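As stored in query_25.cif (mmCIF, N, CA and C atoms):
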data_protein
loop_
_atom_site.label_atom_id
_atom_site.label_comp_id
_atom_site.auth_asym_id
_atom_site.auth_seq_id
_atom_site.Cartn_x
_atom_site.Cartn_y
_atom_site.Cartn_z
N MET A 116 121.95 83.55 120.65
CA MET A 116 122.68 83.52 119.40
C MET A 116 123.88 84.46 119.52
N LYS A 117 125.02 84.03 119.03
CA LYS A 117 126.24 84.83 119.07
C LYS A 117 126.17 85.93 118.02
N PRO A 118 126.93 87.03 118.24
CA PRO A 118 126.91 88.12 117.26
C PRO A 118 127.21 87.69 115.83
N GLN A 119 128.15 86.76 115.65
CA GLN A 119 128.46 86.30 114.30
C GLN A 119 127.27 85.55 113.69
N GLU A 120 126.58 84.77 114.52
CA GLU A 120 125.40 84.06 114.04
C GLU A 120 124.29 85.03 113.67
N PHE A 121 124.10 86.08 114.49
CA PHE A 121 123.12 87.12 114.18
C PHE A 121 123.44 87.77 112.85
N ALA A 122 124.69 88.13 112.68
CA ALA A 122 125.10 88.82 111.46
C ALA A 122 124.85 87.93 110.24
N LYS A 123 125.19 86.66 110.33
CA LYS A 123 124.97 85.74 109.22
C LYS A 123 123.49 85.57 108.93
N TRP A 124 122.70 85.37 109.97
CA TRP A 124 121.26 85.19 109.80
C TRP A 124 120.62 86.43 109.18
N MET A 125 120.98 87.60 109.70
CA MET A 125 120.42 88.84 109.16
C MET A 125 120.83 89.05 107.71
N ARG A 126 122.07 88.77 107.40
CA ARG A 126 122.54 88.93 106.02
C ARG A 126 121.76 88.01 105.08
N GLU A 127 121.58 86.77 105.47
CA GLU A 127 120.83 85.81 104.65
C GLU A 127 119.38 86.25 104.48
N GLU A 128 118.76 86.66 105.57
CA GLU A 128 117.36 87.11 105.52
C GLU A 128 117.23 88.37 104.66
N HIS A 129 118.10 89.32 104.87
CA HIS A 129 118.03 90.55 104.10
C HIS A 129 118.34 90.31 102.63
N ASP A 130 119.22 89.36 102.34
CA ASP A 130 119.48 89.00 100.95
C ASP A 130 118.23 88.42 100.30
N ARG A 131 117.51 87.59 101.03
CA ARG A 131 116.28 86.99 100.50
C ARG A 131 115.22 88.08 100.26
N VAL A 132 115.06 88.99 101.22
CA VAL A 132 114.11 90.09 101.05
C VAL A 132 114.52 90.94 99.85
N HIS A 133 115.81 91.21 99.73
CA HIS A 133 116.31 92.00 98.61
C HIS A 133 115.99 91.33 97.28
N ASP A 134 116.21 90.02 97.20
CA ASP A 134 115.93 89.29 95.95
C ASP A 134 114.45 89.35 95.59
N LEU A 135 113.59 89.15 96.58
CA LEU A 135 112.15 89.21 96.32
C LEU A 135 111.71 90.62 95.93
N ALA A 136 112.27 91.62 96.61
CA ALA A 136 111.93 93.01 96.29
C ALA A 136 112.43 93.38 94.90
N LEU A 137 113.59 92.88 94.52
CA LEU A 137 114.13 93.16 93.19
C LEU A 137 113.22 92.60 92.09
N LYS A 138 112.72 91.39 92.28
CA LYS A 138 111.81 90.80 91.30
C LYS A 138 110.53 91.63 91.19
N LEU A 139 110.05 92.10 92.32
CA LEU A 139 108.85 92.93 92.31
C LEU A 139 109.13 94.27 91.65
N ARG A 140 110.27 94.86 91.97
CA ARG A 140 110.66 96.14 91.37
C ARG A 140 110.78 96.02 89.86
N GLU A 141 111.34 94.92 89.38
CA GLU A 141 111.46 94.68 87.94
C GLU A 141 110.08 94.64 87.28
N ALA A 142 109.14 94.02 87.95
CA ALA A 142 107.79 93.90 87.39
C ALA A 142 107.10 95.26 87.30
N VAL A 143 107.23 96.09 88.33
CA VAL A 143 106.54 97.39 88.30
C VAL A 143 107.24 98.39 87.39
N ALA A 144 108.47 98.12 87.05
CA ALA A 144 109.22 99.04 86.18
C ALA A 144 108.76 98.98 84.73
N LYS A 145 108.11 97.89 84.36
CA LYS A 145 107.70 97.69 82.96
C LYS A 145 106.23 97.33 82.89
N ILE A 146 105.39 98.33 83.02
CA ILE A 146 103.95 98.10 82.93
C ILE A 146 103.58 97.98 81.46
N PRO A 147 103.02 96.85 81.06
CA PRO A 147 102.67 96.71 79.65
C PRO A 147 101.46 97.59 79.29
N ARG A 148 101.41 98.01 78.07
CA ARG A 148 100.31 98.85 77.59
C ARG A 148 99.08 98.02 77.22
N VAL A 149 99.31 96.79 76.81
CA VAL A 149 98.21 95.89 76.42
C VAL A 149 98.46 94.51 77.03
N ASN A 150 97.44 93.69 77.01
CA ASN A 150 97.55 92.32 77.53
C ASN A 150 98.14 92.28 78.94
N ARG A 151 97.52 93.02 79.82
CA ARG A 151 98.03 93.14 81.19
C ARG A 151 97.62 91.99 82.10
N GLY A 152 96.73 91.12 81.66
CA GLY A 152 96.21 90.06 82.53
C GLY A 152 97.30 89.17 83.09
N GLU A 153 98.14 88.64 82.24
CA GLU A 153 99.22 87.75 82.69
C GLU A 153 100.22 88.51 83.56
N TRP A 154 100.51 89.75 83.17
CA TRP A 154 101.43 90.58 83.94
C TRP A 154 100.87 90.82 85.34
N LEU A 155 99.58 91.12 85.45
CA LEU A 155 98.96 91.33 86.77
C LEU A 155 99.03 90.08 87.63
N THR A 156 98.82 88.93 87.01
CA THR A 156 98.92 87.67 87.75
C THR A 156 100.33 87.49 88.30
N GLN A 157 101.32 87.75 87.47
CA GLN A 157 102.71 87.63 87.89
C GLN A 157 103.05 88.66 88.97
N LEU A 158 102.55 89.88 88.83
CA LEU A 158 102.78 90.93 89.82
C LEU A 158 102.21 90.51 91.17
N ARG A 159 100.99 90.00 91.16
CA ARG A 159 100.36 89.55 92.41
C ARG A 159 101.18 88.43 93.06
N GLU A 160 101.66 87.49 92.24
CA GLU A 160 102.46 86.38 92.78
C GLU A 160 103.75 86.88 93.40
N ARG A 161 104.43 87.79 92.72
CA ARG A 161 105.69 88.33 93.26
C ARG A 161 105.43 89.10 94.56
N PHE A 162 104.36 89.87 94.58
CA PHE A 162 104.02 90.61 95.79
C PHE A 162 103.70 89.64 96.93
N GLU A 163 102.94 88.61 96.64
CA GLU A 163 102.57 87.64 97.68
C GLU A 163 103.80 86.93 98.24
N HIS A 164 104.76 86.61 97.40
CA HIS A 164 106.00 85.99 97.90
C HIS A 164 106.72 86.93 98.86
N LEU A 165 106.85 88.19 98.47
CA LEU A 165 107.50 89.17 99.34
C LEU A 165 106.72 89.37 100.62
N ARG A 166 105.41 89.53 100.50
CA ARG A 166 104.56 89.76 101.68
C ARG A 166 104.64 88.60 102.67
N ALA A 167 104.52 87.38 102.17
CA ALA A 167 104.58 86.21 103.04
C ALA A 167 105.94 86.10 103.72
N HIS A 168 106.99 86.34 102.94
CA HIS A 168 108.34 86.25 103.53
C HIS A 168 108.53 87.33 104.59
N LEU A 169 108.07 88.54 104.32
CA LEU A 169 108.24 89.62 105.29
C LEU A 169 107.47 89.35 106.58
N HIS A 170 106.28 88.78 106.47
CA HIS A 170 105.53 88.43 107.69
C HIS A 170 106.35 87.48 108.55
N LYS A 171 106.88 86.44 107.93
CA LYS A 171 107.69 85.47 108.67
C LYS A 171 108.97 86.11 109.18
N HIS A 172 109.62 86.87 108.34
CA HIS A 172 110.87 87.54 108.65
C HIS A 172 110.71 88.46 109.87
N MET A 173 109.67 89.29 109.86
CA MET A 173 109.46 90.23 110.96
C MET A 173 109.08 89.51 112.25
N ALA A 174 108.29 88.45 112.14
CA ALA A 174 107.93 87.68 113.33
C ALA A 174 109.17 87.06 113.97
N LEU A 175 110.06 86.53 113.14
CA LEU A 175 111.30 85.95 113.67
C LEU A 175 112.18 87.01 114.32
N GLU A 176 112.25 88.19 113.71
CA GLU A 176 113.05 89.26 114.29
C GLU A 176 112.51 89.66 115.66
N GLU A 177 111.20 89.67 115.80
CA GLU A 177 110.59 90.10 117.05
C GLU A 177 110.65 89.03 118.12
N GLN A 178 110.59 87.75 117.75
CA GLN A 178 110.57 86.68 118.74
C GLN A 178 111.98 86.19 119.06
N ASP A 179 112.65 85.68 118.06
CA ASP A 179 113.93 85.03 118.29
C ASP A 179 115.11 85.77 117.67
N GLY A 180 114.82 86.85 117.00
CA GLY A 180 115.85 87.55 116.25
C GLY A 180 116.54 88.64 117.04
N TYR A 181 116.88 89.68 116.33
CA TYR A 181 117.73 90.71 116.90
C TYR A 181 117.01 91.64 117.88
N LEU A 182 115.72 91.87 117.72
CA LEU A 182 115.05 92.89 118.54
C LEU A 182 115.17 92.63 120.05
N PRO A 183 114.77 91.47 120.56
CA PRO A 183 114.91 91.27 122.00
C PRO A 183 116.37 91.23 122.45
N THR A 184 117.23 90.69 121.61
CA THR A 184 118.64 90.56 121.97
C THR A 184 119.31 91.93 122.05
N VAL A 185 119.03 92.79 121.09
CA VAL A 185 119.60 94.14 121.11
C VAL A 185 119.13 94.90 122.34
N ALA A 186 117.84 94.82 122.63
CA ALA A 186 117.30 95.54 123.79
C ALA A 186 117.92 95.03 125.09
N THR A 187 118.20 93.74 125.17
CA THR A 187 118.83 93.18 126.37
C THR A 187 120.31 93.54 126.44
N HIS A 188 120.98 93.40 125.31
CA HIS A 188 122.43 93.64 125.25
C HIS A 188 122.77 95.12 125.42
N ARG A 189 121.98 95.98 124.82
CA ARG A 189 122.21 97.43 124.89
C ARG A 189 120.88 98.13 125.21
N PRO A 190 120.52 98.22 126.47
CA PRO A 190 119.26 98.86 126.85
C PRO A 190 119.10 100.29 126.33
N THR A 191 120.21 100.98 126.09
CA THR A 191 120.12 102.35 125.57
C THR A 191 119.54 102.39 124.16
N LEU A 192 119.51 101.26 123.48
CA LEU A 192 118.95 101.19 122.13
C LEU A 192 117.48 100.75 122.13
N SER A 193 116.88 100.64 123.31
CA SER A 193 115.49 100.19 123.40
C SER A 193 114.53 101.08 122.64
N GLY A 194 114.77 102.37 122.63
CA GLY A 194 113.91 103.28 121.87
C GLY A 194 113.96 102.99 120.38
N GLU A 195 115.15 102.71 119.87
CA GLU A 195 115.29 102.35 118.45
C GLU A 195 114.63 101.00 118.17
N VAL A 196 114.78 100.07 119.08
CA VAL A 196 114.15 98.76 118.92
C VAL A 196 112.63 98.94 118.85
N ASP A 197 112.08 99.76 119.74
CA ASP A 197 110.63 100.02 119.73
C ASP A 197 110.19 100.67 118.42
N ARG A 198 111.00 101.60 117.91
CA ARG A 198 110.67 102.27 116.65
C ARG A 198 110.65 101.26 115.50
N LEU A 199 111.66 100.40 115.45
CA LEU A 199 111.72 99.39 114.39
C LEU A 199 110.58 98.39 114.50
N ARG A 200 110.23 98.02 115.72
CA ARG A 200 109.10 97.11 115.93
C ARG A 200 107.81 97.76 115.44
N HIS A 201 107.64 99.05 115.73
CA HIS A 201 106.45 99.77 115.26
C HIS A 201 106.44 99.86 113.74
N GLU A 202 107.60 100.05 113.12
CA GLU A 202 107.66 100.08 111.67
C GLU A 202 107.20 98.75 111.07
N HIS A 203 107.46 97.65 111.77
CA HIS A 203 106.95 96.36 111.30
C HIS A 203 105.43 96.43 111.17
N ASP A 204 104.77 96.98 112.18
CA ASP A 204 103.31 97.11 112.14
C ASP A 204 102.87 97.99 110.98
N GLU A 205 103.58 99.07 110.76
CA GLU A 205 103.23 99.97 109.66
C GLU A 205 103.43 99.31 108.30
N ILE A 206 104.52 98.59 108.14
CA ILE A 206 104.79 97.89 106.89
C ILE A 206 103.69 96.86 106.61
N VAL A 207 103.26 96.15 107.64
CA VAL A 207 102.18 95.18 107.48
C VAL A 207 100.90 95.88 107.03
N LYS A 208 100.57 97.01 107.63
CA LYS A 208 99.37 97.75 107.24
C LYS A 208 99.45 98.22 105.79
N ILE A 209 100.60 98.71 105.39
CA ILE A 209 100.78 99.14 104.01
C ILE A 209 100.62 97.96 103.07
N MET A 210 101.24 96.82 103.41
CA MET A 210 101.14 95.64 102.55
C MET A 210 99.70 95.16 102.44
N GLU A 211 98.96 95.19 103.53
CA GLU A 211 97.57 94.73 103.50
C GLU A 211 96.72 95.63 102.63
N GLY A 212 96.96 96.94 102.68
CA GLY A 212 96.22 97.86 101.82
C GLY A 212 96.53 97.62 100.35
N ILE A 213 97.79 97.44 100.05
CA ILE A 213 98.19 97.16 98.66
C ILE A 213 97.58 95.84 98.21
N ARG A 214 97.65 94.84 99.06
CA ARG A 214 97.12 93.52 98.71
C ARG A 214 95.63 93.60 98.38
N ARG A 215 94.89 94.28 99.24
CA ARG A 215 93.44 94.42 99.03
C ARG A 215 93.17 95.11 97.69
N ASP A 216 93.83 96.23 97.46
CA ASP A 216 93.60 96.98 96.23
C ASP A 216 94.10 96.24 95.00
N MET A 217 95.21 95.53 95.13
CA MET A 217 95.77 94.81 94.00
C MET A 217 94.83 93.71 93.51
N HIS A 218 94.13 93.07 94.43
CA HIS A 218 93.24 91.99 94.04
C HIS A 218 91.96 92.50 93.38
N GLU A 219 91.70 93.79 93.47
CA GLU A 219 90.54 94.37 92.80
C GLU A 219 90.89 94.88 91.39
N LEU A 220 92.17 94.96 91.08
CA LEU A 220 92.60 95.48 89.78
C LEU A 220 92.19 94.55 88.64
N THR A 221 91.88 95.18 87.52
CA THR A 221 91.70 94.42 86.28
C THR A 221 92.67 95.01 85.26
N GLU A 222 92.85 94.31 84.19
CA GLU A 222 93.77 94.79 83.16
C GLU A 222 93.25 96.06 82.48
N ASN A 223 92.01 96.42 82.72
CA ASN A 223 91.41 97.63 82.13
C ASN A 223 91.45 98.83 83.08
N ASP A 224 92.32 98.78 84.09
CA ASP A 224 92.44 99.86 85.07
C ASP A 224 93.82 100.51 85.02
N PRO A 225 94.16 101.21 83.92
CA PRO A 225 95.54 101.70 83.78
C PRO A 225 95.96 102.68 84.88
N LEU A 226 95.09 103.56 85.31
CA LEU A 226 95.47 104.52 86.36
C LEU A 226 95.64 103.82 87.70
N LEU A 227 94.74 102.91 88.00
CA LEU A 227 94.85 102.17 89.26
C LEU A 227 96.09 101.27 89.27
N ILE A 228 96.42 100.72 88.13
CA ILE A 228 97.63 99.90 88.03
C ILE A 228 98.86 100.76 88.29
N ARG A 229 98.92 101.93 87.66
CA ARG A 229 100.06 102.83 87.88
C ARG A 229 100.14 103.24 89.34
N ASP A 230 98.99 103.54 89.95
CA ASP A 230 98.96 103.91 91.36
C ASP A 230 99.48 102.77 92.23
N CYS A 231 99.05 101.57 91.94
CA CYS A 231 99.49 100.40 92.70
C CYS A 231 101.01 100.20 92.56
N CYS A 232 101.50 100.38 91.36
CA CYS A 232 102.94 100.23 91.12
C CYS A 232 103.74 101.26 91.89
N ARG A 233 103.26 102.48 91.95
CA ARG A 233 103.94 103.52 92.74
C ARG A 233 103.95 103.16 94.21
N ARG A 234 102.83 102.63 94.69
CA ARG A 234 102.76 102.21 96.09
C ARG A 234 103.71 101.06 96.37
N LEU A 235 103.84 100.14 95.41
CA LEU A 235 104.79 99.05 95.57
C LEU A 235 106.23 99.57 95.60
N GLU A 236 106.53 100.53 94.73
CA GLU A 236 107.87 101.14 94.74
C GLU A 236 108.14 101.81 96.08
N ASN A 237 107.15 102.54 96.61
CA ASN A 237 107.30 103.18 97.93
C ASN A 237 107.53 102.13 99.01
N LEU A 238 106.74 101.06 98.97
CA LEU A 238 106.89 99.99 99.95
C LEU A 238 108.30 99.42 99.93
N ILE A 239 108.80 99.15 98.74
CA ILE A 239 110.15 98.60 98.62
C ILE A 239 111.17 99.58 99.21
N GLY A 240 111.00 100.86 98.95
CA GLY A 240 111.88 101.87 99.54
C GLY A 240 111.82 101.87 101.05
N PHE A 241 110.61 101.76 101.61
CA PHE A 241 110.45 101.72 103.07
C PHE A 241 111.16 100.49 103.64
N ILE A 242 111.01 99.36 102.97
CA ILE A 242 111.63 98.12 103.43
C ILE A 242 113.15 98.24 103.40
N GLU A 243 113.68 98.78 102.32
CA GLU A 243 115.14 98.93 102.21
C GLU A 243 115.69 99.84 103.30
N HIS A 244 115.01 100.94 103.55
CA HIS A 244 115.44 101.87 104.60
C HIS A 244 115.35 101.20 105.97
N HIS A 245 114.28 100.48 106.20
CA HIS A 245 114.09 99.78 107.46
C HIS A 245 115.20 98.77 107.70
N GLU A 246 115.54 98.02 106.67
CA GLU A 246 116.58 97.01 106.83
C GLU A 246 117.96 97.63 107.05
N GLN A 247 118.21 98.79 106.44
CA GLN A 247 119.46 99.50 106.72
C GLN A 247 119.51 99.90 108.19
N ASP A 248 118.40 100.39 108.71
CA ASP A 248 118.34 100.76 110.13
C ASP A 248 118.55 99.54 111.03
N GLU A 249 117.98 98.40 110.63
CA GLU A 249 118.19 97.18 111.39
C GLU A 249 119.67 96.80 111.41
N ASN A 250 120.31 96.88 110.27
CA ASN A 250 121.74 96.55 110.20
C ASN A 250 122.55 97.47 111.10
N LEU A 251 122.21 98.75 111.10
CA LEU A 251 122.94 99.71 111.93
C LEU A 251 122.75 99.45 113.42
N ILE A 252 121.54 99.11 113.81
CA ILE A 252 121.30 98.88 115.24
C ILE A 252 122.03 97.63 115.72
N VAL A 253 122.06 96.60 114.89
CA VAL A 253 122.80 95.39 115.26
C VAL A 253 124.29 95.69 115.33
N LEU A 254 124.77 96.44 114.37
CA LEU A 254 126.18 96.83 114.38
C LEU A 254 126.50 97.63 115.64
N SER A 255 125.64 98.57 115.99
CA SER A 255 125.84 99.38 117.19
C SER A 255 125.80 98.53 118.45
N ALA A 256 124.92 97.56 118.49
CA ALA A 256 124.75 96.76 119.69
C ALA A 256 125.89 95.77 119.93
N PHE A 257 126.48 95.27 118.85
CA PHE A 257 127.43 94.17 119.01
C PHE A 257 128.86 94.51 118.64
N THR A 258 129.17 95.78 118.49
CA THR A 258 130.56 96.17 118.27
C THR A 258 131.05 96.93 119.48
N ASP A 259 132.35 96.99 119.63
CA ASP A 259 132.93 97.72 120.75
C ASP A 259 132.61 99.18 120.62
N GLU A 260 132.46 99.85 121.75
CA GLU A 260 132.17 101.28 121.74
C GLU A 260 133.37 102.03 121.16
N ILE A 261 133.09 102.98 120.32
CA ILE A 261 134.12 103.80 119.73
C ILE A 261 134.45 104.93 120.70
N GLY A 262 135.71 105.20 120.85
CA GLY A 262 136.12 106.33 121.68
C GLY A 262 136.27 106.00 123.16
N THR A 263 136.30 104.74 123.52
CA THR A 263 136.51 104.39 124.93
C THR A 263 137.96 104.57 125.27
N LYS A 264 138.22 104.87 126.53
CA LYS A 264 139.59 105.06 126.98
C LYS A 264 140.27 103.71 127.18
N ASP A 265 141.57 103.69 126.86
CA ASP A 265 142.35 102.46 127.02
C ASP A 265 142.73 102.25 128.45
#

Could the structure of this file be written out as structure tokens, please?
Amino acid sequence: MKPQEFAKWMREEHDRVHDLALKLREAVAKIPRVNRGEWLTQLRERFEHLRAHLHKHMALEEQDGYLPTVATHRPTLSGEVDRLRHEHDEIVKIMEGIRRDMHELTENDPLLIRDCCRRLENLIGFIEHHEQDENLIVLSAFTDEIGTKD
């Protein structure tokens, strides 16, 4: 894939992740005090959409996406590629823990609901930071070196 194609693909993927994360963030920002059943159902659905998309997204990055290409194009960035790949594993573990706990929640668990929402907010923050790092590594790998002699 050419650098322009990578940039377009990553932008589209990151935009989709951003949209799904935004919907989830909106849901956790307004925890209802009563009648939480429907809200919990919607929260679970929004989380599942984000989780499923991220699984696919990260698998594509690792197989056909930027990770192998960056490591091949700029071997000096292999350490960063390995770090980002490891973060994929960590994000999956965090999502699985949230998923497990979220499915045990009932509308009568106000403290557990608040705890779950905080964990979702943290997850979204981790994802945003991770994607910024991905953008930077691709930028570093596919732009001309700064400060080279003419």

Open item on the list: I'd like the residues picked by the PyMOL selection byres (((chain A and resi 136-143 and name CA) around 10) and name CA) written out as a PyMOL selection string, using the chain letters and numbers from the file.
Closed with: chain A and resi 130-135+144-147+154-155+157-166+228-229+231-236+238-240+242-243

Task: Hits from the PyMOL selection byres (((chain A and resi 205-211 and name CA) around 8) and name CA), listed as a PyMOL selection string - done: chain A and resi 166+170+201-204+212-215+238+241-242

Selected by the PyMOL selection byres (((chain A and resi 221 and name CA) around 12) and name CA) in the shown coordinates: which residues, as a PDB file with N, CA and C atoms, in the frame of the given file?
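Output below, filename selection_23.pdb:
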ATOM      1  N   VAL A 149      99.310  96.790  76.810  1.00  0.00           N
ATOM      2  CA  VAL A 149      98.210  95.890  76.420  1.00  0.00           C
ATOM      3  C   VAL A 149      98.460  94.510  77.030  1.00  0.00           C
ATOM      4  N   ASN A 150      97.440  93.690  77.010  1.00  0.00           N
ATOM      5  CA  ASN A 150      97.550  92.320  77.530  1.00  0.00           C
ATOM      6  C   ASN A 150      98.140  92.280  78.940  1.00  0.00           C
ATOM      7  N   ARG A 151      97.520  93.020  79.820  1.00  0.00           N
ATOM      8  CA  ARG A 151      98.030  93.140  81.190  1.00  0.00           C
ATOM      9  C   ARG A 151      97.620  91.990  82.100  1.00  0.00           C
ATOM     10  N   GLY A 152      96.730  91.120  81.660  1.00  0.00           N
ATOM     11  CA  GLY A 152      96.210  90.060  82.530  1.00  0.00           C
ATOM     12  C   GLY A 152      97.300  89.170  83.090  1.00  0.00           C
ATOM     13  N   GLU A 153      98.140  88.640  82.240  1.00  0.00           N
ATOM     14  CA  GLU A 153      99.220  87.750  82.690  1.00  0.00           C
ATOM     15  C   GLU A 153     100.220  88.510  83.560  1.00  0.00           C
ATOM     16  N   TRP A 154     100.510  89.750  83.170  1.00  0.00           N
ATOM     17  CA  TRP A 154     101.430  90.580  83.940  1.00  0.00           C
ATOM     18  C   TRP A 154     100.870  90.820  85.340  1.00  0.00           C
ATOM     19  N   LEU A 155      99.580  91.120  85.450  1.00  0.00           N
ATOM     20  CA  LEU A 155      98.960  91.330  86.770  1.00  0.00           C
ATOM     21  C   LEU A 155      99.030  90.080  87.630  1.00  0.00           C
ATOM     22  N   THR A 156      98.820  88.930  87.010  1.00  0.00           N
ATOM     23  CA  THR A 156      98.920  87.670  87.750  1.00  0.00           C
ATOM     24  C   THR A 156     100.330  87.490  88.300  1.00  0.00           C
ATOM     25  N   ARG A 159     100.990  90.000  91.160  1.00  0.00           N
ATOM     26  CA  ARG A 159     100.360  89.550  92.410  1.00  0.00           C
ATOM     27  C   ARG A 159     101.180  88.430  93.060  1.00  0.00           C
ATOM     28  N   ASP A 216      93.830  96.230  97.460  1.00  0.00           N
ATOM     29  CA  ASP A 216      93.600  96.980  96.230  1.00  0.00           C
ATOM     30  C   ASP A 216      94.100  96.240  95.000  1.00  0.00           C
ATOM     31  N   MET A 217      95.210  95.530  95.130  1.00  0.00           N
ATOM     32  CA  MET A 217      95.770  94.810  94.000  1.00  0.00           C
ATOM     33  C   MET A 217      94.830  93.710  93.510  1.00  0.00           C
ATOM     34  N   HIS A 218      94.130  93.070  94.430  1.00  0.00           N
ATOM     35  CA  HIS A 218      93.240  91.990  94.040  1.00  0.00           C
ATOM     36  C   HIS A 218      91.960  92.500  93.380  1.00  0.00           C
ATOM     37  N   GLU A 219      91.700  93.790  93.470  1.00  0.00           N
ATOM     38  CA  GLU A 219      90.540  94.370  92.800  1.00  0.00           C
ATOM     39  C   GLU A 219      90.890  94.880  91.390  1.00  0.00           C
ATOM     40  N   LEU A 220      92.170  94.960  91.080  1.00  0.00           N
ATOM     41  CA  LEU A 220      92.600  95.480  89.780  1.00  0.00           C
ATOM     42  C   LEU A 220      92.190  94.550  88.640  1.00  0.00           C
ATOM     43  N   GLU A 222      92.850  94.310  84.190  1.00  0.00           N
ATOM     44  CA  GLU A 222      93.770  94.790  83.160  1.00  0.00           C
ATOM     45  C   GLU A 222      93.250  96.060  82.480  1.00  0.00           C
ATOM     46  N   ASN A 223      92.010  96.420  82.720  1.00  0.00           N
ATOM     47  CA  ASN A 223      91.410  97.630  82.130  1.00  0.00           C
ATOM     48  C   ASN A 223      91.450  98.830  83.080  1.00  0.00           C
ATOM     49  N   ASP A 224      92.320  98.780  84.090  1.00  0.00           N
ATOM     50  CA  ASP A 224      92.440  99.860  85.070  1.00  0.00           C
ATOM     51  C   ASP A 224      93.820 100.510  85.020  1.00  0.00           C
ATOM     52  N   PRO A 225      94.160 101.210  83.920  1.00  0.00           N
ATOM     53  CA  PRO A 225      95.540 101.700  83.780  1.00  0.00           C
ATOM     54  C   PRO A 225      95.960 102.680  84.880  1.00  0.00           C
ATOM     55  N   LEU A 226      95.090 103.560  85.310  1.00  0.00           N
ATOM     56  CA  LEU A 226      95.470 104.520  86.360  1.00  0.00           C
ATOM     57  C   LEU A 226      95.640 103.820  87.700  1.00  0.00           C
ATOM     58  N   LEU A 227      94.740 102.910  88.000  1.00  0.00           N
ATOM     59  CA  LEU A 227      94.850 102.170  89.260  1.00  0.00           C
ATOM     60  C   LEU A 227      96.090 101.270  89.270  1.00  0.00           C
ATOM     61  N   ILE A 228      96.420 100.720  88.130  1.00  0.00           N
ATOM     62  CA  ILE A 228      97.630  99.900  88.030  1.00  0.00           C
ATOM     63  C   ILE A 228      98.860 100.760  88.290  1.00  0.00           C
ATOM     64  N   ARG A 229      98.920 101.930  87.660  1.00  0.00           N
ATOM     65  CA  ARG A 229     100.060 102.830  87.880  1.00  0.00           C
ATOM     66  C   ARG A 229     100.140 103.240  89.340  1.00  0.00           C
ATOM     67  N   CYS A 231      99.050 101.570  91.940  1.00  0.00           N
ATOM     68  CA  CYS A 231      99.490 100.400  92.700  1.00  0.00           C
ATOM     69  C   CYS A 231     101.010 100.200  92.560  1.00  0.00           C
TER      70      CYS A 231
END

TODO: Rounded to one decimal place, report the atom C of Ile252 in chain A-CA of Glu120 in chain A distance in Å.
DONE: 14.1 Å

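One distance worth recording is that between CA of His244 in chain A and CA of Glu195 in chain A, which is 13.9 Å.
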
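Between atom N of His168 in chain A and atom N of Thr184 in chain A there is a distance of 21.7 Å.
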
- [ ] Can you check which residues of chain A DSSP gives as alpha helix (DSSP H) on the backbone and send them as a PyMOL selection string?
- [x] chain A and resi 118-144+151-178+181-188+193-219+225-257

Task: Closest of A:His129, A:Lys171, A:Lys123, A:His245 to Val196 in chain A - atom-to-atom distances counting only C-alpha atoms - done: A:His245

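Proximity to Ala256 in chain A was assessed for A:Arg148, A:His172, A:Arg200, A:Arg189 counting all atoms listed in the file; the smallest distance is recorded for A:Arg189.
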